[in-house]
file start21.cif (mmCIF, C-alpha atoms and all ligand atoms)
data_target
loop_
_atom_site.label_atom_id
_atom_site.label_comp_id
_atom_site.auth_asym_id
_atom_site.auth_seq_id
_atom_site.Cartn_x
_atom_site.Cartn_y
_atom_site.Cartn_z
CA MET A 1 5.63 9.27 12.29
CA LEU A 2 7.49 5.98 12.44
CA GLY A 3 9.02 6.20 8.97
CA GLY A 4 7.69 9.24 7.14
CA THR A 5 10.10 9.49 4.23
CA ARG A 6 8.57 7.02 1.81
CA PHE A 7 5.30 6.65 -0.08
CA VAL A 8 2.56 6.29 2.56
CA GLY A 9 4.39 7.85 5.48
CA ARG A 10 5.54 10.70 3.28
CA ALA A 11 1.93 11.44 2.24
CA VAL A 12 0.81 11.52 5.88
CA VAL A 13 3.65 13.91 6.76
CA ASP A 14 2.91 16.11 3.76
CA LEU A 15 -0.76 16.47 4.67
CA ALA A 16 -0.09 16.87 8.39
CA LEU A 17 2.30 19.75 7.69
CA ALA A 18 -0.22 21.30 5.30
CA ARG A 19 -2.82 21.17 8.08
CA GLY A 20 -0.45 22.91 10.48
CA HIS A 21 0.44 19.96 12.69
CA ALA A 22 3.85 19.69 14.32
CA VAL A 23 5.42 16.49 12.99
CA THR A 24 8.26 14.37 14.33
CA THR A 25 9.68 11.64 12.09
CA PHE A 26 11.69 8.66 13.30
CA ASN A 27 13.80 6.78 10.77
CA ARG A 28 17.38 5.75 9.99
CA GLY A 29 17.90 8.31 7.22
CA ARG A 30 18.24 5.70 4.47
CA ALA A 31 14.99 5.45 2.50
CA GLY A 32 14.42 9.08 1.62
CA VAL A 33 14.69 12.67 2.68
CA ASP A 34 12.75 14.17 5.57
CA MET A 35 10.44 16.96 4.52
CA ALA A 36 11.31 20.52 5.49
CA GLY A 37 9.56 21.50 8.69
CA VAL A 38 9.61 18.17 10.52
CA ALA A 39 11.53 17.44 13.70
CA VAL A 40 13.78 14.49 12.92
CA VAL A 41 14.79 11.79 15.36
CA ARG A 42 17.34 9.45 13.78
CA GLY A 43 17.14 5.89 14.97
CA ASP A 44 16.43 2.25 14.26
CA ARG A 45 13.09 0.92 15.47
CA GLU A 46 14.77 -2.41 16.10
CA ASP A 47 17.11 -0.80 18.65
CA PRO A 48 15.57 -0.52 22.16
CA GLY A 49 17.90 2.36 23.03
CA ASP A 50 16.78 4.34 19.98
CA LEU A 51 13.12 3.73 20.87
CA GLU A 52 13.78 4.93 24.41
CA ARG A 53 15.42 8.10 23.08
CA LEU A 54 12.46 8.65 20.75
CA ALA A 55 9.91 8.17 23.54
CA ALA A 56 11.71 10.73 25.67
CA GLY A 57 10.96 13.35 23.00
CA GLY A 58 7.18 13.12 23.41
CA PRO A 59 4.41 13.48 24.25
CA TRP A 60 2.48 13.55 20.98
CA ASP A 61 -1.20 13.53 20.03
CA ALA A 62 -0.66 10.41 17.97
CA VAL A 63 1.92 7.97 16.72
CA VAL A 64 1.43 6.83 13.12
CA ASP A 65 3.26 3.58 12.43
CA CYS A 66 3.71 3.08 8.70
CA SER A 67 6.84 0.98 8.86
CA GLY A 68 5.81 -1.98 11.01
CA TYR A 69 6.11 -5.42 9.40
CA VAL A 70 7.29 -7.75 12.19
CA PRO A 71 5.11 -8.34 15.28
CA ALA A 72 7.95 -8.33 17.82
CA VAL A 73 9.31 -5.10 16.32
CA VAL A 74 5.89 -3.43 16.37
CA ALA A 75 5.33 -4.67 19.93
CA ALA A 76 8.57 -2.99 21.03
CA ALA A 77 7.53 0.38 19.55
CA ALA A 78 4.00 0.06 20.91
CA ARG A 79 5.38 -0.59 24.40
CA ALA A 80 8.00 2.16 24.21
CA LEU A 81 5.44 4.75 23.16
CA VAL A 82 2.41 3.81 25.26
CA GLY A 83 1.64 6.74 27.53
CA ARG A 84 3.69 9.05 25.29
CA ALA A 85 0.81 9.66 22.84
CA GLU A 86 -2.98 9.60 22.96
CA ARG A 87 -3.35 7.30 20.00
CA TYR A 88 -1.43 4.61 18.09
CA VAL A 89 -2.29 4.36 14.41
CA PHE A 90 -1.06 1.22 12.71
CA VAL A 91 -1.03 1.04 8.92
CA SER A 92 -1.88 -2.58 8.19
CA THR A 93 -3.20 -4.21 5.00
CA VAL A 94 -6.09 -6.27 3.60
CA SER A 95 -3.56 -9.13 3.34
CA VAL A 96 -4.25 -9.84 7.05
CA TYR A 97 -7.57 -11.52 6.15
CA ALA A 98 -7.62 -15.30 5.96
CA GLY A 99 -10.08 -14.96 3.06
CA TRP A 100 -8.04 -12.55 0.94
CA PRO A 101 -8.03 -12.61 -2.12
CA VAL A 102 -10.76 -15.21 -2.43
CA GLU A 103 -13.81 -14.00 -0.49
CA PRO A 104 -15.64 -10.70 -0.13
CA LEU A 105 -14.33 -9.10 3.08
CA THR A 106 -15.42 -6.75 5.83
CA GLU A 107 -13.59 -5.68 8.98
CA THR A 108 -15.16 -8.59 10.88
CA SER A 109 -13.84 -11.28 8.50
CA PRO A 110 -11.42 -13.76 10.15
CA LEU A 111 -7.72 -12.84 10.30
CA LEU A 112 -4.65 -14.96 9.70
CA ALA A 113 -3.12 -16.51 12.79
CA CYS A 114 0.14 -15.04 14.07
CA PRO A 115 1.39 -14.46 17.63
CA ALA A 116 1.89 -10.88 18.78
CA ASP A 117 5.53 -11.58 19.60
CA ALA A 118 6.46 -13.39 16.38
CA GLY A 119 9.85 -12.64 14.88
CA ALA A 120 10.81 -12.00 11.28
CA ASP A 121 11.07 -15.70 10.45
CA TYR A 122 7.51 -16.55 11.45
CA GLY A 123 5.17 -17.80 8.68
CA ALA A 124 5.83 -18.31 5.00
CA ASP A 125 4.34 -17.48 1.62
CA ASP A 126 1.89 -20.15 0.47
CA PRO A 127 2.91 -21.50 -2.95
CA SER A 128 -0.61 -20.68 -4.23
CA GLY A 129 0.07 -16.97 -3.71
CA SER A 130 -1.92 -16.51 -0.50
CA PRO A 131 -1.61 -16.21 2.37
CA THR A 132 1.69 -14.39 2.33
CA GLN A 133 4.23 -14.12 5.10
CA TYR A 134 3.64 -10.38 4.83
CA GLY A 135 -0.08 -10.78 5.58
CA ILE A 136 0.53 -13.29 8.39
CA GLN A 137 3.03 -10.99 10.06
CA LYS A 138 0.90 -7.88 9.65
CA ALA A 139 -1.93 -9.74 11.45
CA GLY A 140 0.52 -10.39 14.30
CA CYS A 141 1.51 -6.70 14.27
CA GLU A 142 -2.15 -5.71 14.73
CA ARG A 143 -2.39 -8.07 17.72
CA ALA A 144 0.77 -6.54 19.19
CA VAL A 145 -0.76 -3.06 19.02
CA HIS A 146 -4.02 -4.24 20.57
CA LEU A 147 -2.21 -6.04 23.40
CA VAL A 148 -0.42 -2.88 24.48
CA TRP A 149 -2.75 -0.01 23.59
CA PRO A 150 -6.30 0.32 24.95
CA THR A 151 -8.99 -0.38 22.35
CA ASP A 152 -10.19 3.21 22.40
CA ALA A 153 -6.68 4.50 21.66
CA ALA A 154 -5.74 2.14 18.81
CA LEU A 155 -6.62 2.82 15.20
CA ILE A 156 -5.86 0.13 12.63
CA VAL A 157 -6.25 0.93 8.95
CA ARG A 158 -6.19 -1.86 6.37
CA PRO A 159 -5.60 -0.41 2.90
CA GLY A 160 -5.87 -2.44 -0.27
CA VAL A 161 -3.57 -1.48 -3.14
CA ILE A 162 -2.36 2.10 -2.72
CA LEU A 163 -1.41 4.18 -5.77
CA GLY A 164 -0.44 7.78 -6.34
CA PRO A 165 2.54 10.13 -6.59
CA HIS A 166 5.77 8.88 -4.95
CA GLU A 167 4.64 5.25 -5.25
CA SER A 168 7.58 3.11 -4.18
CA VAL A 169 6.17 -0.28 -5.17
CA GLY A 170 6.24 0.36 -8.92
CA ARG A 171 2.73 -0.71 -10.03
CA LEU A 172 1.19 2.40 -11.54
CA PRO A 173 4.59 3.83 -12.53
CA TRP A 174 5.15 0.67 -14.59
CA TRP A 175 1.76 0.84 -16.34
CA LEU A 176 2.22 4.53 -17.13
CA SER A 177 5.74 4.04 -18.42
CA ARG A 178 4.70 1.04 -20.49
CA ILE A 179 1.70 2.75 -22.05
CA ALA A 180 3.76 5.88 -22.73
CA VAL A 181 5.97 3.76 -25.02
CA GLY A 182 2.87 3.04 -27.13
CA GLY A 183 2.19 0.25 -29.62
CA ARG A 184 0.29 -2.92 -28.77
CA VAL A 185 -0.08 -3.18 -25.00
CA LEU A 186 -1.01 -6.47 -23.35
CA ALA A 187 -4.09 -5.59 -21.28
CA PRO A 188 -4.87 -8.44 -18.89
CA GLY A 189 -8.16 -10.23 -18.39
CA ASP A 190 -11.65 -8.80 -18.60
CA PRO A 191 -11.67 -5.05 -19.28
CA SER A 192 -14.73 -4.74 -17.05
CA ARG A 193 -12.97 -6.37 -14.07
CA VAL A 194 -13.63 -4.19 -11.05
CA ILE A 195 -10.56 -2.85 -9.21
CA GLN A 196 -10.31 -0.79 -6.01
CA PRO A 197 -6.97 0.97 -5.68
CA ILE A 198 -6.97 3.88 -3.27
CA ASP A 199 -4.97 7.10 -3.62
CA VAL A 200 -2.17 7.48 -1.08
CA ARG A 201 -3.36 11.02 -0.34
CA ASP A 202 -6.81 9.67 0.56
CA VAL A 203 -5.22 7.15 2.94
CA ALA A 204 -3.37 10.08 4.53
CA GLY A 205 -6.57 12.13 4.66
CA PHE A 206 -8.47 9.37 6.43
CA VAL A 207 -5.67 8.80 8.95
CA LEU A 208 -5.38 12.49 9.82
CA ASP A 209 -9.15 13.03 9.96
CA ALA A 210 -9.38 10.05 12.31
CA VAL A 211 -6.57 11.33 14.53
CA GLU A 212 -8.13 14.80 14.66
CA ALA A 213 -11.55 13.28 15.48
CA GLY A 214 -10.10 10.95 18.14
CA ARG A 215 -11.29 7.89 16.27
CA ALA A 216 -10.30 4.31 17.17
CA GLY A 217 -11.14 0.91 15.70
CA VAL A 218 -10.44 -0.96 12.49
CA PHE A 219 -11.12 0.35 8.98
CA ASN A 220 -10.57 -1.11 5.53
CA LEU A 221 -9.37 1.55 3.10
CA THR A 222 -10.18 0.85 -0.53
CA ALA A 223 -12.05 2.64 -3.27
CA PRO A 224 -15.72 1.59 -3.29
CA VAL A 225 -16.41 -1.81 -4.86
CA GLY A 226 -17.64 -1.35 -8.42
CA ARG A 227 -16.47 2.23 -9.00
CA ASP A 228 -13.51 1.56 -11.29
CA THR A 229 -12.51 -1.11 -13.80
CA PHE A 230 -9.19 -2.31 -15.24
CA SER A 231 -10.24 -0.72 -18.51
CA ASP A 232 -10.70 2.62 -16.73
CA LEU A 233 -7.20 2.37 -15.29
CA LEU A 234 -5.47 1.65 -18.58
CA SER A 235 -7.60 4.13 -20.55
CA TRP A 236 -6.67 6.86 -18.08
CA CYS A 237 -3.02 5.86 -18.40
CA ALA A 238 -3.34 6.29 -22.16
CA ALA A 239 -5.13 9.63 -21.74
CA ALA A 240 -2.59 10.93 -19.21
CA THR A 241 0.44 9.99 -21.30
CA GLY A 242 -1.16 10.94 -24.63
CA ALA A 243 0.41 7.80 -26.07
CA ALA A 244 -0.69 6.05 -29.26
CA ALA A 245 -1.20 2.77 -27.43
CA GLU A 246 -3.47 -0.03 -28.60
CA LEU A 247 -4.84 -1.97 -25.64
CA VAL A 248 -5.12 -5.64 -26.58
CA TRP A 249 -7.26 -7.44 -24.02
CA VAL A 250 -6.09 -10.98 -23.44
CA ASP A 251 -8.04 -13.67 -21.56
CA ASP A 252 -7.16 -14.69 -18.02
CA GLU A 253 -7.00 -18.34 -19.08
CA PHE A 254 -4.46 -17.62 -21.82
CA LEU A 255 -2.23 -15.63 -19.48
CA VAL A 256 -2.49 -18.19 -16.68
CA ALA A 257 -1.62 -21.00 -19.11
CA ALA A 258 1.38 -18.98 -20.30
CA GLY A 259 2.61 -18.74 -16.71
CA VAL A 260 2.39 -14.95 -16.44
CA ARG A 261 2.98 -13.98 -12.79
CA GLN A 262 -0.14 -12.41 -11.35
CA TRP A 263 0.08 -9.18 -9.37
CA THR A 264 3.67 -8.40 -10.39
CA GLU A 265 4.48 -9.26 -14.03
CA LEU A 266 1.30 -7.46 -15.06
CA PRO A 267 0.78 -5.24 -12.01
CA LEU A 268 -2.69 -5.30 -10.40
CA TRP A 269 -3.81 -8.25 -12.55
CA ARG A 270 -5.19 -10.96 -10.30
CA THR A 271 -7.81 -13.55 -11.19
CA ALA A 272 -8.84 -14.53 -7.64
CA PRO A 273 -12.49 -13.55 -7.12
CA GLY A 274 -11.98 -11.61 -3.88
CA ALA A 275 -8.97 -9.51 -4.83
CA TRP A 276 -11.21 -6.50 -5.36
CA ALA A 277 -14.15 -7.30 -3.09
CA VAL A 278 -13.10 -5.52 0.10
CA SER A 279 -15.82 -3.45 1.69
CA SER A 280 -14.78 0.05 2.73
CA ARG A 281 -18.30 1.00 3.80
CA ARG A 282 -17.26 1.53 7.41
CA ALA A 283 -14.54 4.00 6.41
CA LEU A 284 -16.79 5.72 3.89
CA ALA A 285 -19.41 6.18 6.61
CA ALA A 286 -16.68 7.64 8.82
CA GLY A 287 -15.74 10.19 6.14
CA LEU A 288 -13.29 8.45 3.78
CA VAL A 289 -13.16 10.40 0.53
CA CYS A 290 -11.77 8.60 -2.53
CA ARG A 291 -10.73 10.95 -5.31
CA PRO A 292 -11.36 9.80 -8.90
CA LEU A 293 -8.88 7.20 -10.16
CA ALA A 294 -8.30 9.44 -13.19
CA ASP A 295 -6.78 12.05 -10.83
CA THR A 296 -4.52 9.46 -9.21
CA VAL A 297 -3.29 8.35 -12.64
CA GLY A 298 -2.86 11.91 -13.96
CA ASP A 299 -1.02 13.14 -10.86
CA THR A 300 1.26 10.10 -10.82
CA TRP A 301 2.15 10.72 -14.47
CA ALA A 302 2.82 14.40 -13.67
CA TRP A 303 5.10 13.29 -10.81
CA LEU A 304 6.99 10.89 -13.10
CA GLN A 305 7.31 13.58 -15.76
CA ALA A 306 8.76 15.93 -13.16
CA GLY A 307 11.53 13.40 -12.52
CA GLY A 308 9.89 11.25 -9.88
CA VAL A 309 11.29 7.76 -9.60
CA ALA A 310 9.88 4.81 -7.75
CA ALA A 311 12.22 4.03 -4.86
CA PRO A 312 15.16 2.07 -6.23
CA ASP A 313 14.47 -1.05 -4.22
CA GLU A 314 14.18 -4.64 -5.27
CA GLN A 315 10.36 -4.49 -5.12
CA ALA A 316 10.07 -1.80 -7.78
CA ALA A 317 12.41 -3.72 -10.05
CA PHE A 318 10.21 -6.78 -9.64
CA HIS A 319 7.21 -5.24 -11.41
CA GLY A 320 6.41 -5.39 -15.11
CA ILE A 321 6.70 -7.81 -18.01
CA ASP A 322 9.71 -8.16 -20.27
CA PRO A 323 8.93 -6.26 -23.53
CA LEU A 324 9.96 -9.18 -25.75
CA ARG A 325 7.81 -11.64 -23.80
CA GLU A 326 4.87 -9.23 -23.98
CA GLN A 327 5.08 -9.01 -27.78
CA GLN A 328 5.52 -12.80 -28.10
CA LEU A 329 2.40 -13.34 -26.01
CA LEU A 330 0.49 -10.81 -28.13
CA ASP A 331 1.56 -12.59 -31.33
CA LEU A 332 0.44 -15.94 -29.91
CA TRP A 333 -2.84 -14.40 -28.82
CA ALA A 334 -3.41 -12.86 -32.26
CA ALA A 335 -2.62 -16.17 -33.98
CA ARG A 336 -5.01 -18.01 -31.67
CA SER A 337 -7.76 -15.45 -32.19
CA SER A 338 -7.43 -15.51 -35.99
CA SER A 339 -7.51 -19.31 -36.08
N1 LIG B 1 1.79 0.08 -1.09
C1 LIG B 1 0.64 -0.53 -0.94
O1 LIG B 1 -0.08 -0.80 -1.92
C2 LIG B 1 0.17 -0.90 0.45
C3 LIG B 1 -1.05 -1.54 0.59
C4 LIG B 1 -1.51 -1.85 1.87
C5 LIG B 1 -0.76 -1.49 2.97
N2 LIG B 1 0.45 -0.89 2.80
C6 LIG B 1 1.22 -0.54 4.00
O2 LIG B 1 1.65 0.79 3.88
C7 LIG B 1 2.89 0.93 4.55
C8 LIG B 1 3.92 1.48 3.58
O3 LIG B 1 4.52 2.50 4.19
P1 LIG B 1 5.56 3.47 3.47
O4 LIG B 1 5.16 3.67 2.06
O5 LIG B 1 5.67 4.66 4.34
O6 LIG B 1 6.93 2.67 3.37
P2 LIG B 1 7.70 1.63 4.26
O7 LIG B 1 8.67 1.01 3.36
O8 LIG B 1 6.82 0.73 5.00
O9 LIG B 1 8.44 2.49 5.36
C9 LIG B 1 9.57 3.10 5.07
C10 LIG B 1 9.85 4.14 6.16
O10 LIG B 1 10.17 3.52 7.39
C11 LIG B 1 11.50 3.82 7.74
N3 LIG B 1 12.11 2.63 8.32
C12 LIG B 1 12.22 1.41 7.75
N4 LIG B 1 12.87 0.58 8.57
C13 LIG B 1 13.14 1.27 9.69
C14 LIG B 1 13.79 0.95 10.91
N5 LIG B 1 14.31 -0.27 11.16
N6 LIG B 1 13.88 1.90 11.87
C15 LIG B 1 13.38 3.14 11.65
N7 LIG B 1 12.78 3.50 10.51
C16 LIG B 1 12.66 2.58 9.54
C17 LIG B 1 12.15 4.24 6.44
O11 LIG B 1 13.24 5.10 6.65
P3 LIG B 1 14.75 4.53 6.75
O12 LIG B 1 14.89 3.37 5.82
O13 LIG B 1 15.56 5.70 6.37
O14 LIG B 1 14.94 4.12 8.16
C18 LIG B 1 11.00 4.97 5.76
O15 LIG B 1 10.85 6.28 6.29
C19 LIG B 1 3.29 -0.41 5.08
O16 LIG B 1 2.91 -0.53 6.41
C20 LIG B 1 2.47 -1.36 4.21
O17 LIG B 1 2.21 -2.57 4.88
C21 LIG B 1 0.93 -0.59 1.57
#

call {"tool": "encode", "arguments": {"input": "start21.cif", "output": "structure tokens", "more": "lines below"}}
Ligand SMILES: NC(=O)c1ccc[n+]([C@@H]2O[C@H](COP(=O)([O-])OP(=O)(O)OC[C@H]3O[C@@H](n4cnc5c(N)ncnc54)[C@H](OP(=O)(O)O)[C@@H]3O)[C@@H](O)[C@H]2O)c1
result
Amino acid sequence: MLGGTRFVGRAVVDLALARGHAVTTFNRGRAGVDMAGVAVVRGDREDPGDLERLAAGGPWDAVVDCSGYVPAVVAAAARALVGRAERYVFVSTVSVYAGWPVEPLTETSPLLACPADAGADYGADDPSGSPTQYGIQKAGCERAVHLVWPTDAALIVRPGVILGPHESVGRLPWWLSRIAVGGRVLAPGDPSRVIQPIDVRDVAGFVLDAVEAGRAGVFNLTAPVGRDTFSDLLSWCAAATGAAAELVWVDDEFLVAAGVRQWTELPLWRTAPGAWAVSSRRALAAGLVCRPLADTVGDTWAWLQAGGVAAPDEQAAFHGIDPLREQQLLDLWAARSSS
């Protein structure tokens, strides 16, 4: 496990240990705590000497790379570990698609352009919100893996939004915490808008099933299109927290005109037509199981109640709307509706 102490990597480690696998984690010891039972190799993936020391500890059945964001950095790990494992699993993202979040997408949809040896400065966020430098660079990371590892030994997974216990981004933790406070809650857009978040434990399950089955190729990982709606998500948040919250659904147009930041100020709210139109049929046919969203919400609330905190990084702090601004927007919305 490259990483293995945060949200996604942690879930893969947790499940791998539960299935009786021997797990080695490689990280700097900063982001979190290694789980009991893993063999720890301390090191920085940006340091060639550390990668060499890691590679000497193999061989392994598989490398799972959850912490690759820069093509040149992923290329270095892919090269250092080729021949030291049977399989390289790269955790990518749906943001690699040129058409995200505008068009319906499958695994064969065109990808963003990025060289396999690009450095951290390559690319930039488009002012319109997409593409992002993150998506551009992840596309380059995929190319780096494919350049080094044979096609039948490389597995690329492209998750959409991932939720669940230990979430370090702060999306579902924010919604749960907000709804737990109660009162009038600004619920964005159309309540019947389809969403497709996937549970982190189901991402881990697919990755480990694929490793155990010797699978290669590229797979989108999202909940099936059309299964869940925004209203489902917020209603389950209300049910899980038991809060006396009144969901006030406010039009997209009103929120856009008010300058509310999509995706972050109201997490998961995005008006682009393809944000939740990613096909996961290939993964579902290969055995992906997506637990009910209600379970993801309930288990995340249980984790928060037990003292869980989203990782204290700048990303988590970036999510959620200011309470005063939320109530001002609701007042404006109520005044507009009554007139
Ligand atoms: N969250 C979502 O909704 C979502 C959606 C789609 C795809 N994804 C993908 O899912 C993955 C998220 O993975 P994650 O939750 O496990 O968290 P992460 O933040 O990507 O990875 C953190 C892990 O990597 C280690 N790490 C970071 N920099 C390192 C370095 N230079 N050298 C060695 N280790 C390093 C960290 O430990 P130390 O800091 O201690 O070194 C930690 O264990 C990403 O690849 C992301 O693109 C996420």

call {"tool": "residues_near_point", "arguments": {"input": "start21.cif", "point": "(8.7, 1.3, -30.3)", "cutoff": "12 Å", "atoms": "all atoms listed in the file", "output": "PyMOL selection string"}}
result
chain A and resi 178-185+243-245+323-324+327

call {"tool": "atom_distance", "arguments": {"input": "start21.cif", "atom1": "CA of Ala334 (chain A)", "atom2": "CA of Thr271 (chain A)"}}
result
21.5 Å

call {"tool": "residues_around", "arguments": {"input": "start21.cif", "residues": "Glu212 (chain A)", "least_positions_apart": "2", "cutoff": "12 Å", "atoms": "all atoms listed in the file", "output": "ChimeraX atom specification"}}
result
/A:16,19-21,61-62,86-87,89,205-210,214-216

call {"tool": "atom_distance", "arguments": {"input": "start21.cif", "atom1": "CA of Tyr88 (chain A)", "atom2": "CA of Ser130 (chain A)"}}
result
28.1 Å

call {"tool": "residues_near_ligand", "arguments": {"input": "start21.cif", "ligand": "ligand LIG 1 (chain B)", "cutoff": "7 Å", "atoms": "only C-alpha atoms and all ligand atoms", "output": "PyMOL selection string"}}
result
chain A and resi 2-10+26-32+43-46+66-69+91-94+158-163+168-169

call {"tool": "atom_distance", "arguments": {"input": "start21.cif", "atom1": "CA of Arg227 (chain A)", "atom2": "CA of Gln196 (chain A)"}}
result
7.5 Å

call {"tool": "residues_around", "arguments": {"input": "start21.cif", "residues": "region 255-266 of chain A", "least_positions_apart": "3", "cutoff": "12 Å", "atoms": "only C-alpha atoms", "output": "VMD selection string"}}
result
chain A and resid 101 128 to 130 161 169 to 172 174 to 175 178 185 to 190 230 234 249 to 252 269 to 272 275 315 to 323 325 to 326 328 to 330 332 to 333

call {"tool": "write_last_selection", "arguments": {"input": "start21.cif", "atoms": "C-alpha atoms", "output": "PDB file, keeping the file's coordinate frame"}}
result
ATOM      1  CA  PRO A 101      -8.030 -12.610  -2.120  1.00  0.00           C
ATOM      2  CA  SER A 128      -0.610 -20.680  -4.230  1.00  0.00           C
ATOM      3  CA  GLY A 129       0.070 -16.970  -3.710  1.00  0.00           C
ATOM      4  CA  SER A 130      -1.920 -16.510  -0.500  1.00  0.00           C
ATOM      5  CA  VAL A 161      -3.570  -1.480  -3.140  1.00  0.00           C
ATOM      6  CA  VAL A 169       6.170  -0.280  -5.170  1.00  0.00           C
ATOM      7  CA  GLY A 170       6.240   0.360  -8.920  1.00  0.00           C
ATOM      8  CA  ARG A 171       2.730  -0.710 -10.030  1.00  0.00           C
ATOM      9  CA  LEU A 172       1.190   2.400 -11.540  1.00  0.00           C
ATOM     10  CA  TRP A 174       5.150   0.670 -14.590  1.00  0.00           C
ATOM     11  CA  TRP A 175       1.760   0.840 -16.340  1.00  0.00           C
ATOM     12  CA  ARG A 178       4.700   1.040 -20.490  1.00  0.00           C
ATOM     13  CA  VAL A 185      -0.080  -3.180 -25.000  1.00  0.00           C
ATOM     14  CA  LEU A 186      -1.010  -6.470 -23.350  1.00  0.00           C
ATOM     15  CA  ALA A 187      -4.090  -5.590 -21.280  1.00  0.00           C
ATOM     16  CA  PRO A 188      -4.870  -8.440 -18.890  1.00  0.00           C
ATOM     17  CA  GLY A 189      -8.160 -10.230 -18.390  1.00  0.00           C
ATOM     18  CA  ASP A 190     -11.650  -8.800 -18.600  1.00  0.00           C
ATOM     19  CA  PHE A 230      -9.190  -2.310 -15.240  1.00  0.00           C
ATOM     20  CA  LEU A 234      -5.470   1.650 -18.580  1.00  0.00           C
ATOM     21  CA  TRP A 249      -7.260  -7.440 -24.020  1.00  0.00           C
ATOM     22  CA  VAL A 250      -6.090 -10.980 -23.440  1.00  0.00           C
ATOM     23  CA  ASP A 251      -8.040 -13.670 -21.560  1.00  0.00           C
ATOM     24  CA  ASP A 252      -7.160 -14.690 -18.020  1.00  0.00           C
ATOM     25  CA  TRP A 269      -3.810  -8.250 -12.550  1.00  0.00           C
ATOM     26  CA  ARG A 270      -5.190 -10.960 -10.300  1.00  0.00           C
ATOM     27  CA  THR A 271      -7.810 -13.550 -11.190  1.00  0.00           C
ATOM     28  CA  ALA A 272      -8.840 -14.530  -7.640  1.00  0.00           C
ATOM     29  CA  ALA A 275      -8.970  -9.510  -4.830  1.00  0.00           C
ATOM     30  CA  GLN A 315      10.360  -4.490  -5.120  1.00  0.00           C
ATOM     31  CA  ALA A 316      10.070  -1.800  -7.780  1.00  0.00           C
ATOM     32  CA  ALA A 317      12.410  -3.720 -10.050  1.00  0.00           C
ATOM     33  CA  PHE A 318      10.210  -6.780  -9.640  1.00  0.00           C
ATOM     34  CA  HIS A 319       7.210  -5.240 -11.410  1.00  0.00           C
ATOM     35  CA  GLY A 320       6.410  -5.390 -15.110  1.00  0.00           C
ATOM     36  CA  ILE A 321       6.700  -7.810 -18.010  1.00  0.00           C
ATOM     37  CA  ASP A 322       9.710  -8.160 -20.270  1.00  0.00           C
ATOM     38  CA  PRO A 323       8.930  -6.260 -23.530  1.00  0.00           C
ATOM     39  CA  ARG A 325       7.810 -11.640 -23.800  1.00  0.00           C
ATOM     40  CA  GLU A 326       4.870  -9.230 -23.980  1.00  0.00           C
ATOM     41  CA  GLN A 328       5.520 -12.800 -28.100  1.00  0.00           C
ATOM     42  CA  LEU A 329       2.400 -13.340 -26.010  1.00  0.00           C
ATOM     43  CA  LEU A 330       0.490 -10.810 -28.130  1.00  0.00           C
ATOM     44  CA  LEU A 332       0.440 -15.940 -29.910  1.00  0.00           C
ATOM     45  CA  TRP A 333      -2.840 -14.400 -28.820  1.00  0.00           C
TER      46      TRP A 333
END

call {"tool": "closest_residue", "arguments": {"input": "start21.cif", "among": "A:Val23, A:Ala277, A:Ala76, A:Ala238", "to": "Arg193 (chain A)", "atoms": "only C-alpha atoms"}}
result
A:Ala277

call {"tool": "closest_residue", "arguments": {"input": "start21.cif", "among": "A:Asp34, A:Asp50, A:Glu142, A:Glu103", "to": "Ala116 (chain A)", "atoms": "all atoms listed in the file"}}
result
A:Glu142

call {"tool": "residues_around", "arguments": {"input": "start21.cif", "residues": "Ala139 (chain A)", "least_positions_apart": "4", "cutoff": "10 Å", "atoms": "only C-alpha atoms", "output": "count of residues only"}}
result
21

call {"tool": "closest_residue", "arguments": {"input": "start21.cif", "among": "A:Val13, A:Ala22, A:Leu221, A:Ala118", "to": "Ala285 (chain A)", "atoms": "all atoms listed in the file"}}
result
A:Leu221

call {"tool": "residues_around", "arguments": {"input": "start21.cif", "residues": "Leu284 (chain A)", "least_positions_apart": "4", "cutoff": "10 Å", "atoms": "only C-alpha atoms", "output": "list in words"}}
result
Phe206, Phe219, Asn220, Leu221, Thr222, Ala223, Pro224, Ser279, Ser280, Leu288, Val289 and Cys290 of chain A

call {"tool": "residues_around", "arguments": {"input": "start21.cif", "residues": "Trp236 (chain A)", "least_positions_apart": "6", "cutoff": "8 Å", "atoms": "all atoms listed in the file", "output": "number ranges by chain"}}
result
A: 294, 297-298

call {"tool": "closest_residue", "arguments": {"input": "start21.cif", "among": "A:Gly57, A:Gly287, A:Gly307, A:Gly123", "to": "Ala213 (chain A)", "atoms": "all atoms listed in the file"}}
result
A:Gly287
